[in-house]
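structure_36.txt follows (compact mmCIF, N, CA and C atoms):
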```
# COMPACT_ATOMS: atom_id res chain seq x y z
N VAL A 6 3.43 -8.24 -25.86
CA VAL A 6 4.60 -7.38 -25.85
C VAL A 6 4.51 -6.47 -24.64
N TRP A 7 5.56 -6.43 -23.87
CA TRP A 7 5.61 -5.60 -22.66
C TRP A 7 6.16 -4.22 -23.02
N ASN A 8 5.41 -3.20 -22.67
CA ASN A 8 5.83 -1.82 -22.94
C ASN A 8 6.28 -1.21 -21.62
N ASP A 9 7.55 -0.90 -21.52
CA ASP A 9 8.12 -0.40 -20.27
C ASP A 9 8.95 0.86 -20.53
N PRO A 10 8.29 1.94 -20.92
CA PRO A 10 9.06 3.16 -21.23
C PRO A 10 9.63 3.81 -19.97
N PRO A 11 10.73 4.52 -20.09
CA PRO A 11 11.36 5.16 -18.94
C PRO A 11 10.49 6.25 -18.30
N ALA A 12 9.54 6.79 -19.03
CA ALA A 12 8.68 7.84 -18.48
C ALA A 12 7.39 7.28 -17.87
N ARG A 13 7.30 5.97 -17.77
CA ARG A 13 6.11 5.34 -17.19
C ARG A 13 5.86 5.88 -15.79
N LEU A 14 4.61 6.09 -15.45
CA LEU A 14 4.23 6.68 -14.17
C LEU A 14 4.84 5.92 -12.98
N SER A 15 4.85 4.61 -13.04
CA SER A 15 5.40 3.84 -11.91
C SER A 15 6.91 4.02 -11.77
N ARG A 16 7.56 4.62 -12.76
CA ARG A 16 9.00 4.91 -12.67
C ARG A 16 9.27 6.36 -12.29
N THR A 17 8.30 7.25 -12.49
CA THR A 17 8.57 8.67 -12.32
C THR A 17 7.77 9.35 -11.22
N ASP A 18 6.62 8.83 -10.87
CA ASP A 18 5.76 9.48 -9.88
C ASP A 18 6.20 9.12 -8.47
N PRO A 19 6.36 10.11 -7.58
CA PRO A 19 6.81 9.83 -6.21
C PRO A 19 5.86 8.92 -5.42
N ARG A 20 4.62 8.82 -5.85
CA ARG A 20 3.68 7.93 -5.16
C ARG A 20 4.07 6.46 -5.29
N TYR A 21 4.94 6.16 -6.25
CA TYR A 21 5.40 4.79 -6.46
C TYR A 21 6.78 4.52 -5.85
N ALA A 22 7.30 5.45 -5.11
CA ALA A 22 8.63 5.30 -4.52
C ALA A 22 8.63 4.16 -3.49
N ALA A 23 9.78 3.55 -3.32
CA ALA A 23 9.90 2.43 -2.38
C ALA A 23 9.48 2.85 -0.97
N GLU A 24 9.80 4.08 -0.57
CA GLU A 24 9.43 4.54 0.77
C GLU A 24 7.91 4.53 0.96
N ARG A 25 7.17 4.94 -0.05
CA ARG A 25 5.70 4.93 0.03
C ARG A 25 5.19 3.50 0.11
N PHE A 26 5.78 2.63 -0.66
CA PHE A 26 5.40 1.21 -0.62
C PHE A 26 5.55 0.67 0.80
N TYR A 27 6.68 0.96 1.43
CA TYR A 27 6.91 0.44 2.78
C TYR A 27 6.01 1.10 3.82
N GLN A 28 5.59 2.34 3.61
CA GLN A 28 4.62 2.96 4.52
C GLN A 28 3.31 2.19 4.50
N VAL A 29 2.85 1.85 3.32
CA VAL A 29 1.61 1.08 3.19
C VAL A 29 1.82 -0.33 3.74
N LYS A 30 2.93 -0.93 3.39
CA LYS A 30 3.24 -2.28 3.85
C LYS A 30 3.26 -2.33 5.38
N CYS A 31 3.88 -1.34 6.01
CA CYS A 31 3.97 -1.32 7.47
C CYS A 31 2.60 -1.15 8.13
N ALA A 32 1.71 -0.42 7.50
CA ALA A 32 0.36 -0.27 8.05
C ALA A 32 -0.34 -1.63 8.10
N TYR A 33 -0.23 -2.39 7.03
CA TYR A 33 -0.84 -3.72 7.00
C TYR A 33 -0.10 -4.70 7.90
N LEU A 34 1.21 -4.58 7.96
CA LEU A 34 2.00 -5.44 8.84
C LEU A 34 1.63 -5.18 10.30
N ALA A 35 1.44 -3.92 10.67
CA ALA A 35 1.03 -3.58 12.04
C ALA A 35 -0.32 -4.20 12.38
N ARG A 36 -1.23 -4.15 11.44
CA ARG A 36 -2.55 -4.75 11.66
C ARG A 36 -2.40 -6.26 11.89
N TRP A 37 -1.55 -6.90 11.08
CA TRP A 37 -1.33 -8.34 11.23
C TRP A 37 -0.68 -8.65 12.58
N LEU A 38 0.33 -7.87 12.95
CA LEU A 38 1.02 -8.08 14.23
C LEU A 38 0.04 -7.94 15.40
N ARG A 39 -0.80 -6.94 15.34
CA ARG A 39 -1.77 -6.69 16.40
C ARG A 39 -2.69 -7.90 16.59
N SER A 40 -3.04 -8.57 15.52
CA SER A 40 -3.96 -9.71 15.57
C SER A 40 -3.28 -11.04 15.85
N ASN A 41 -1.99 -11.14 15.59
CA ASN A 41 -1.35 -12.46 15.60
C ASN A 41 -0.16 -12.64 16.53
N VAL A 42 0.33 -11.56 17.12
CA VAL A 42 1.53 -11.68 17.96
C VAL A 42 1.22 -11.16 19.36
N ASP A 43 1.52 -11.98 20.34
CA ASP A 43 1.33 -11.61 21.74
C ASP A 43 2.12 -10.33 22.03
N PRO A 44 1.47 -9.30 22.58
CA PRO A 44 2.17 -8.03 22.83
C PRO A 44 3.33 -8.14 23.82
N VAL A 45 3.43 -9.24 24.54
CA VAL A 45 4.55 -9.45 25.46
C VAL A 45 5.85 -9.67 24.68
N ARG A 46 5.72 -10.18 23.48
CA ARG A 46 6.91 -10.47 22.67
C ARG A 46 7.46 -9.17 22.08
N LYS A 47 8.76 -9.00 22.20
CA LYS A 47 9.43 -7.82 21.65
C LYS A 47 9.70 -8.05 20.17
N LEU A 48 9.61 -6.97 19.42
CA LEU A 48 9.81 -7.03 17.98
C LEU A 48 11.27 -6.76 17.63
N TRP A 49 11.87 -7.63 16.82
CA TRP A 49 13.24 -7.50 16.36
C TRP A 49 13.25 -7.44 14.85
N LEU A 50 14.11 -6.61 14.29
CA LEU A 50 14.24 -6.49 12.84
C LEU A 50 15.54 -7.14 12.41
N TRP A 51 15.45 -8.14 11.54
CA TRP A 51 16.66 -8.75 11.00
C TRP A 51 17.10 -7.89 9.82
N GLY A 52 18.20 -7.19 10.00
CA GLY A 52 18.74 -6.26 9.02
C GLY A 52 19.04 -4.95 9.72
N ALA A 53 20.30 -4.72 10.06
CA ALA A 53 20.69 -3.53 10.81
C ALA A 53 21.18 -2.41 9.90
N GLY A 54 21.15 -2.63 8.60
CA GLY A 54 21.61 -1.60 7.68
C GLY A 54 20.64 -0.42 7.63
N ARG A 55 21.16 0.73 7.24
CA ARG A 55 20.36 1.95 7.23
C ARG A 55 19.11 1.83 6.36
N ILE A 56 19.25 1.28 5.17
CA ILE A 56 18.10 1.18 4.26
C ILE A 56 17.01 0.30 4.86
N THR A 57 17.37 -0.84 5.38
CA THR A 57 16.38 -1.74 5.99
C THR A 57 15.71 -1.07 7.18
N ARG A 58 16.48 -0.43 8.05
CA ARG A 58 15.89 0.23 9.21
C ARG A 58 14.91 1.31 8.78
N ARG A 59 15.25 2.12 7.80
CA ARG A 59 14.36 3.20 7.35
C ARG A 59 13.07 2.65 6.72
N ARG A 60 13.19 1.55 6.01
CA ARG A 60 12.01 0.97 5.38
C ARG A 60 10.96 0.55 6.40
N PHE A 61 11.41 0.15 7.58
CA PHE A 61 10.47 -0.33 8.59
C PHE A 61 10.23 0.68 9.72
N ASP A 62 10.71 1.90 9.57
CA ASP A 62 10.45 2.96 10.56
C ASP A 62 8.96 3.16 10.81
N ALA A 63 8.17 3.03 9.76
CA ALA A 63 6.73 3.30 9.89
C ALA A 63 6.04 2.36 10.89
N LEU A 64 6.61 1.21 11.17
CA LEU A 64 6.00 0.32 12.16
C LEU A 64 5.92 1.00 13.53
N GLU A 65 6.91 1.79 13.85
CA GLU A 65 6.91 2.48 15.15
C GLU A 65 5.73 3.44 15.27
N SER A 66 5.40 4.12 14.17
CA SER A 66 4.27 5.05 14.22
C SER A 66 2.94 4.31 14.37
N HIS A 67 2.95 3.01 14.14
CA HIS A 67 1.75 2.19 14.33
C HIS A 67 1.79 1.46 15.67
N GLY A 68 2.74 1.84 16.52
CA GLY A 68 2.80 1.26 17.86
C GLY A 68 3.66 0.03 17.99
N PHE A 69 4.55 -0.20 17.04
CA PHE A 69 5.42 -1.37 17.07
C PHE A 69 6.88 -0.98 16.96
N PRO A 70 7.47 -0.50 18.05
CA PRO A 70 8.90 -0.18 18.01
C PRO A 70 9.73 -1.47 18.06
N PHE A 71 10.91 -1.41 17.51
CA PHE A 71 11.81 -2.55 17.56
C PHE A 71 12.62 -2.52 18.84
N GLU A 72 12.79 -3.69 19.42
CA GLU A 72 13.65 -3.84 20.59
C GLU A 72 15.11 -3.73 20.17
N GLY A 73 15.42 -4.27 19.01
CA GLY A 73 16.78 -4.24 18.51
C GLY A 73 16.86 -4.77 17.10
N PHE A 74 18.08 -4.92 16.62
CA PHE A 74 18.33 -5.36 15.25
C PHE A 74 19.23 -6.58 15.25
N ILE A 75 19.06 -7.41 14.24
CA ILE A 75 19.87 -8.61 14.08
C ILE A 75 20.65 -8.46 12.78
N ASP A 76 21.89 -8.86 12.80
CA ASP A 76 22.70 -8.77 11.59
C ASP A 76 23.68 -9.93 11.56
N VAL A 77 24.23 -10.19 10.38
CA VAL A 77 25.22 -11.25 10.25
C VAL A 77 26.64 -10.70 10.24
N ASP A 78 26.78 -9.40 10.16
CA ASP A 78 28.09 -8.75 10.13
C ASP A 78 28.62 -8.62 11.56
N GLN A 79 29.63 -9.42 11.89
CA GLN A 79 30.20 -9.42 13.24
C GLN A 79 30.67 -8.04 13.69
N ARG A 80 31.03 -7.19 12.73
CA ARG A 80 31.52 -5.85 13.09
C ARG A 80 30.40 -4.99 13.70
N LYS A 81 29.15 -5.33 13.44
CA LYS A 81 28.03 -4.56 13.99
C LYS A 81 27.59 -5.05 15.36
N ALA A 82 28.02 -6.25 15.75
CA ALA A 82 27.60 -6.84 17.03
C ALA A 82 27.96 -5.90 18.18
N GLY A 83 26.98 -5.64 19.03
CA GLY A 83 27.20 -4.79 20.20
C GLY A 83 27.05 -3.31 19.93
N LEU A 84 26.98 -2.92 18.67
CA LEU A 84 26.77 -1.51 18.35
C LEU A 84 25.32 -1.14 18.59
N HIS A 85 25.06 0.14 18.55
CA HIS A 85 23.68 0.63 18.66
C HIS A 85 23.33 1.39 17.39
N ARG A 86 22.14 1.11 16.88
CA ARG A 86 21.60 1.82 15.72
C ARG A 86 20.26 2.39 16.15
N ASP A 87 20.09 3.66 15.94
CA ASP A 87 18.84 4.34 16.34
C ASP A 87 18.51 4.08 17.81
N GLY A 88 19.55 3.99 18.64
CA GLY A 88 19.35 3.78 20.07
C GLY A 88 19.03 2.35 20.47
N ARG A 89 19.13 1.42 19.53
CA ARG A 89 18.82 0.02 19.81
C ARG A 89 20.05 -0.82 19.50
N ARG A 90 20.19 -1.89 20.25
CA ARG A 90 21.40 -2.70 20.08
C ARG A 90 21.29 -3.63 18.88
N VAL A 91 22.45 -3.97 18.37
CA VAL A 91 22.57 -4.91 17.26
C VAL A 91 23.16 -6.20 17.81
N VAL A 92 22.50 -7.32 17.52
CA VAL A 92 22.99 -8.63 17.96
C VAL A 92 23.12 -9.55 16.76
N MET A 93 23.83 -10.62 16.96
CA MET A 93 23.91 -11.68 15.94
C MET A 93 22.71 -12.60 16.14
N GLY A 94 22.40 -13.40 15.15
CA GLY A 94 21.23 -14.28 15.21
C GLY A 94 21.24 -15.26 16.37
N ASN A 95 22.41 -15.62 16.84
CA ASN A 95 22.49 -16.57 17.96
C ASN A 95 22.26 -15.90 19.31
N ALA A 96 22.08 -14.59 19.33
CA ALA A 96 21.89 -13.87 20.60
C ALA A 96 20.45 -13.39 20.79
N LEU A 97 19.55 -13.90 19.99
CA LEU A 97 18.14 -13.50 20.14
C LEU A 97 17.56 -14.01 21.46
N PRO A 98 16.62 -13.27 22.02
CA PRO A 98 15.92 -13.79 23.21
C PRO A 98 15.13 -15.05 22.86
N GLU A 99 14.64 -15.73 23.88
CA GLU A 99 13.87 -16.95 23.68
C GLU A 99 12.68 -16.67 22.75
N ARG A 100 12.23 -17.72 22.10
CA ARG A 100 11.16 -17.63 21.11
C ARG A 100 9.89 -16.96 21.64
N ASP A 101 9.51 -17.27 22.86
CA ASP A 101 8.26 -16.71 23.40
C ASP A 101 8.41 -15.25 23.85
N ARG A 102 9.63 -14.71 23.78
CA ARG A 102 9.84 -13.31 24.17
C ARG A 102 10.20 -12.41 22.99
N ALA A 103 10.33 -12.99 21.79
CA ALA A 103 10.77 -12.19 20.63
C ALA A 103 10.03 -12.63 19.37
N PHE A 104 9.67 -11.67 18.55
CA PHE A 104 9.13 -11.93 17.22
C PHE A 104 10.03 -11.21 16.23
N VAL A 105 10.41 -11.89 15.16
CA VAL A 105 11.40 -11.37 14.21
C VAL A 105 10.73 -10.98 12.89
N ILE A 106 10.98 -9.75 12.48
CA ILE A 106 10.61 -9.30 11.14
C ILE A 106 11.90 -9.37 10.32
N VAL A 107 11.91 -10.17 9.27
CA VAL A 107 13.08 -10.28 8.40
C VAL A 107 12.94 -9.23 7.31
N GLY A 108 13.76 -8.19 7.41
CA GLY A 108 13.68 -7.08 6.48
C GLY A 108 14.71 -7.13 5.37
N VAL A 109 15.49 -8.20 5.33
CA VAL A 109 16.51 -8.35 4.31
C VAL A 109 15.84 -8.79 3.00
N GLY A 110 16.10 -8.05 1.93
CA GLY A 110 15.42 -8.31 0.68
C GLY A 110 16.14 -9.23 -0.28
N ASN A 111 17.43 -9.43 -0.09
CA ASN A 111 18.19 -10.29 -0.99
C ASN A 111 17.70 -11.73 -0.85
N ARG A 112 17.23 -12.29 -1.98
CA ARG A 112 16.61 -13.62 -1.93
C ARG A 112 17.52 -14.68 -1.30
N GLY A 113 18.74 -14.76 -1.68
CA GLY A 113 19.63 -15.76 -1.10
C GLY A 113 19.81 -15.59 0.39
N ALA A 114 20.01 -14.35 0.81
CA ALA A 114 20.18 -14.07 2.24
C ALA A 114 18.89 -14.34 3.01
N ARG A 115 17.77 -13.95 2.42
CA ARG A 115 16.48 -14.16 3.07
C ARG A 115 16.24 -15.66 3.30
N ASP A 116 16.57 -16.48 2.31
CA ASP A 116 16.41 -17.93 2.45
C ASP A 116 17.31 -18.49 3.54
N LEU A 117 18.54 -17.99 3.62
CA LEU A 117 19.46 -18.45 4.67
C LEU A 117 18.96 -18.06 6.05
N ILE A 118 18.42 -16.85 6.17
CA ILE A 118 17.89 -16.38 7.46
C ILE A 118 16.70 -17.24 7.88
N ALA A 119 15.80 -17.50 6.94
CA ALA A 119 14.63 -18.33 7.25
C ALA A 119 15.05 -19.72 7.69
N ALA A 120 16.05 -20.29 7.00
CA ALA A 120 16.55 -21.61 7.38
C ALA A 120 17.18 -21.57 8.77
N ASP A 121 17.93 -20.53 9.07
CA ASP A 121 18.56 -20.39 10.38
C ASP A 121 17.50 -20.32 11.48
N LEU A 122 16.50 -19.49 11.29
CA LEU A 122 15.44 -19.37 12.29
C LEU A 122 14.67 -20.67 12.45
N THR A 123 14.39 -21.34 11.34
CA THR A 123 13.67 -22.61 11.39
C THR A 123 14.50 -23.68 12.11
N ASN A 124 15.80 -23.72 11.83
CA ASN A 124 16.68 -24.68 12.51
C ASN A 124 16.75 -24.44 14.01
N LYS A 125 16.45 -23.21 14.43
CA LYS A 125 16.45 -22.88 15.85
C LYS A 125 15.07 -23.10 16.48
N GLY A 126 14.17 -23.73 15.73
CA GLY A 126 12.85 -24.07 16.27
C GLY A 126 11.80 -23.00 16.10
N ARG A 127 12.11 -21.96 15.34
CA ARG A 127 11.13 -20.89 15.12
C ARG A 127 10.32 -21.22 13.87
N VAL A 128 9.05 -20.83 13.90
CA VAL A 128 8.14 -21.17 12.82
C VAL A 128 7.69 -19.88 12.12
N GLU A 129 7.80 -19.88 10.78
CA GLU A 129 7.37 -18.73 10.01
C GLU A 129 5.87 -18.52 10.22
N GLY A 130 5.49 -17.28 10.46
CA GLY A 130 4.09 -16.93 10.71
C GLY A 130 3.73 -16.96 12.18
N ARG A 131 4.49 -17.71 12.97
CA ARG A 131 4.28 -17.74 14.42
C ARG A 131 5.38 -16.99 15.16
N ASP A 132 6.63 -17.16 14.67
CA ASP A 132 7.78 -16.59 15.37
C ASP A 132 8.55 -15.57 14.52
N PHE A 133 8.32 -15.60 13.21
CA PHE A 133 8.99 -14.64 12.33
C PHE A 133 8.22 -14.50 11.02
N LEU A 134 8.45 -13.37 10.36
CA LEU A 134 7.89 -13.11 9.03
C LEU A 134 8.98 -12.62 8.10
N LEU A 135 8.94 -13.10 6.87
CA LEU A 135 9.80 -12.57 5.81
C LEU A 135 9.05 -11.40 5.20
N SER A 136 9.53 -10.17 5.44
CA SER A 136 8.74 -9.00 5.13
C SER A 136 9.38 -8.02 4.17
N ALA A 137 10.50 -8.36 3.56
CA ALA A 137 11.14 -7.41 2.64
C ALA A 137 10.46 -7.45 1.29
```

Have the structure of the file written as structure tokens, please.
Amino acid sequence: VWNDPPARLSRTDPRYAAERFYQVKCAYLARWLRSNVDPVRKLWLWGAGRITRRRFDALESHGFPFEGFIDVDQRKAGLHRDGRRVVMGNALPERDRAFVIVGVGNRGARDLIAADLTNKGRVEGRDFLLSA
């Protein structure tokens, strides 16, 4: 029997907040990037929405700023978020010049993004990571 009361610590304590989770996640992600991605490659975040951008802000404090953001919403194309440009998936730099962090958490969208990147010759773990 699963006991999931509303006052459970993981529901009420700020240490369990999503922002804290992403701070820890970004620390480990930065360590992985440092070991596995050529520093010549610019980092791009797939997901230009405010929530996705904030979740991955901590990567910058670990020395991994984003070059820009990728989104599927045509209305965002060409705009700037946090001083970085927003592009559509077909406007990414060449594979050897860009590494993509997929920050979109919706399972259906995440699967579509992974398929799109794979169809363009990018390999998960080498050219992109699903990180939401």

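Surrounding residues of (16.8, 0.9, 5.7) at most 12 Å away are Ala23, Glu24, Tyr27, Leu50, Trp51, Gly52, Ala53, Gly54, Arg55, Ile56, Thr57, Arg58, Arg59, Arg60, Phe61, Asp62, Ala63, Phe74, Arg86, Asp87, Gly108, Val109, Gly110 and Ala137 of chain A (based on only C-alpha atoms).
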
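Atom C of A:Leu135 lies 9.9 Å from atom CA of A:Leu34.
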
Atom pair atom C of A:Leu48 + atom C of A:Met93, distance 12.9 Å

Which of stretch 26-74 of chain A fall in strand (DSSP E or B), as a compact mmCIF listing (two decimals) with N, CA and C atoms, in the coordinates of the input:
```
# COMPACT_ATOMS: atom_id res chain seq x y z
N LYS A 47 8.76 -9.00 22.20
CA LYS A 47 9.43 -7.82 21.65
C LYS A 47 9.70 -8.05 20.17
N LEU A 48 9.61 -6.97 19.42
CA LEU A 48 9.81 -7.03 17.98
C LEU A 48 11.27 -6.76 17.63
N TRP A 49 11.87 -7.63 16.82
CA TRP A 49 13.24 -7.50 16.36
C TRP A 49 13.25 -7.44 14.85
N LEU A 50 14.11 -6.61 14.29
CA LEU A 50 14.24 -6.49 12.84
C LEU A 50 15.54 -7.14 12.41
N TRP A 51 15.45 -8.14 11.54
CA TRP A 51 16.66 -8.75 11.00
C TRP A 51 17.10 -7.89 9.82
N PHE A 71 10.91 -1.41 17.51
CA PHE A 71 11.81 -2.55 17.56
C PHE A 71 12.62 -2.52 18.84
N GLU A 72 12.79 -3.69 19.42
CA GLU A 72 13.65 -3.84 20.59
C GLU A 72 15.11 -3.73 20.17
N GLY A 73 15.42 -4.27 19.01
CA GLY A 73 16.78 -4.24 18.51
C GLY A 73 16.86 -4.77 17.10
N PHE A 74 18.08 -4.92 16.62
CA PHE A 74 18.33 -5.36 15.25
C PHE A 74 19.23 -6.58 15.25
```

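The space separating atom CA of A:Arg102 from atom CA of A:Arg89 comes to 16.7 Å.
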
What would the list of residues within 6.5 Å of (10.6, -16.2, 18.3) (file frame) look like as a VMD selection string, if all atoms listed in the file are what count? chain A and resid 99 to 105 127 131 to 133

Mind listing the helix (DSSP H, G or I) residues of chain A, per DSSP on the backbone, as a count of residues only? 58

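The nearest approach to A:Val92 among the residues A:Ser15, A:Gln79, A:Thr123, A:Asn41, with only N, CA and C atoms taken into account, belongs to A:Gln79.
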
Final all heavy atoms of stretch 18-28 of chain A as a tab-separated table (two decimals), in the frame of the given file:
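Wrote it out as selection33.tsv, contents follow:
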```
chain	number	residue	atom	x	y	z
A	18	ASP	N	6.62	8.83	-10.87
A	18	ASP	CA	5.76	9.48	-9.88
A	18	ASP	C	6.20	9.12	-8.47
A	18	ASP	O	6.39	7.94	-8.16
A	18	ASP	CB	4.31	9.05	-10.10
A	18	ASP	CG	3.33	9.91	-9.34
A	18	ASP	OD1	3.42	9.92	-8.09
A	18	ASP	OD2	2.49	10.56	-9.97
A	19	PRO	N	6.36	10.11	-7.58
A	19	PRO	CA	6.81	9.83	-6.21
A	19	PRO	C	5.86	8.92	-5.42
A	19	PRO	O	6.26	8.30	-4.45
A	19	PRO	CB	6.91	11.21	-5.55
A	19	PRO	CG	6.49	12.20	-6.55
A	19	PRO	CD	6.20	11.52	-7.84
A	20	ARG	N	4.62	8.82	-5.85
A	20	ARG	CA	3.68	7.93	-5.16
A	20	ARG	C	4.07	6.46	-5.29
A	20	ARG	O	3.60	5.63	-4.54
A	20	ARG	CB	2.25	8.13	-5.70
A	20	ARG	CG	1.69	9.50	-5.35
A	20	ARG	CD	0.36	9.71	-6.00
A	20	ARG	NE	0.55	9.78	-7.45
A	20	ARG	CZ	-0.45	9.91	-8.32
A	20	ARG	NH1	-1.68	9.98	-7.91
A	20	ARG	NH2	-0.19	9.97	-9.61
A	21	TYR	N	4.94	6.16	-6.25
A	21	TYR	CA	5.40	4.79	-6.46
A	21	TYR	C	6.78	4.52	-5.85
A	21	TYR	O	7.36	3.47	-6.05
A	21	TYR	CB	5.44	4.47	-7.96
A	21	TYR	CG	4.08	4.34	-8.58
A	21	TYR	CD1	3.46	5.44	-9.17
A	21	TYR	CD2	3.40	3.12	-8.58
A	21	TYR	CE1	2.20	5.33	-9.74
A	21	TYR	CE2	2.15	3.00	-9.15
A	21	TYR	CZ	1.56	4.11	-9.73
A	21	TYR	OH	0.31	4.00	-10.28
A	22	ALA	N	7.30	5.45	-5.11
A	22	ALA	CA	8.63	5.30	-4.52
A	22	ALA	C	8.63	4.16	-3.49
A	22	ALA	O	7.61	3.87	-2.86
A	22	ALA	CB	9.05	6.60	-3.85
A	23	ALA	N	9.78	3.55	-3.32
A	23	ALA	CA	9.90	2.43	-2.38
A	23	ALA	C	9.48	2.85	-0.97
A	23	ALA	O	8.86	2.07	-0.25
A	23	ALA	CB	11.34	1.92	-2.37
A	24	GLU	N	9.80	4.08	-0.57
A	24	GLU	CA	9.43	4.54	0.77
A	24	GLU	C	7.91	4.53	0.96
A	24	GLU	O	7.42	4.17	2.02
A	24	GLU	CB	9.96	5.96	1.02
A	24	GLU	CG	11.46	6.06	1.01
A	24	GLU	CD	12.06	6.09	-0.39
A	24	GLU	OE1	11.36	6.48	-1.35
A	24	GLU	OE2	13.22	5.69	-0.53
A	25	ARG	N	7.17	4.94	-0.05
A	25	ARG	CA	5.70	4.93	0.03
A	25	ARG	C	5.19	3.50	0.11
A	25	ARG	O	4.25	3.21	0.85
A	25	ARG	CB	5.10	5.64	-1.19
A	25	ARG	CG	5.41	7.13	-1.27
A	25	ARG	CD	4.79	7.90	-0.10
A	25	ARG	NE	3.37	7.71	-0.01
A	25	ARG	CZ	2.45	8.57	-0.39
A	25	ARG	NH1	2.79	9.73	-0.87
A	25	ARG	NH2	1.17	8.30	-0.25
A	26	PHE	N	5.78	2.63	-0.66
A	26	PHE	CA	5.40	1.21	-0.62
A	26	PHE	C	5.55	0.67	0.80
A	26	PHE	O	4.67	0.00	1.31
A	26	PHE	CB	6.26	0.42	-1.61
A	26	PHE	CG	6.09	-1.07	-1.50
A	26	PHE	CD1	4.96	-1.70	-2.00
A	26	PHE	CD2	7.07	-1.84	-0.89
A	26	PHE	CE1	4.81	-3.08	-1.90
A	26	PHE	CE2	6.93	-3.21	-0.79
A	26	PHE	CZ	5.79	-3.84	-1.29
A	27	TYR	N	6.68	0.96	1.43
A	27	TYR	CA	6.91	0.44	2.78
A	27	TYR	C	6.01	1.10	3.82
A	27	TYR	O	5.65	0.49	4.82
A	27	TYR	CB	8.39	0.54	3.16
A	27	TYR	CG	9.15	-0.65	2.65
A	27	TYR	CD1	9.80	-0.61	1.42
A	27	TYR	CD2	9.20	-1.83	3.37
A	27	TYR	CE1	10.47	-1.72	0.93
A	27	TYR	CE2	9.87	-2.94	2.89
A	27	TYR	CZ	10.50	-2.88	1.66
A	27	TYR	OH	11.14	-3.99	1.18
A	28	GLN	N	5.59	2.34	3.61
A	28	GLN	CA	4.62	2.96	4.52
A	28	GLN	C	3.31	2.19	4.50
A	28	GLN	O	2.73	1.90	5.55
A	28	GLN	CB	4.39	4.42	4.14
A	28	GLN	CG	5.54	5.32	4.45
A	28	GLN	CD	5.35	6.73	3.88
A	28	GLN	OE1	4.41	7.02	3.17
A	28	GLN	NE2	6.29	7.60	4.20
```
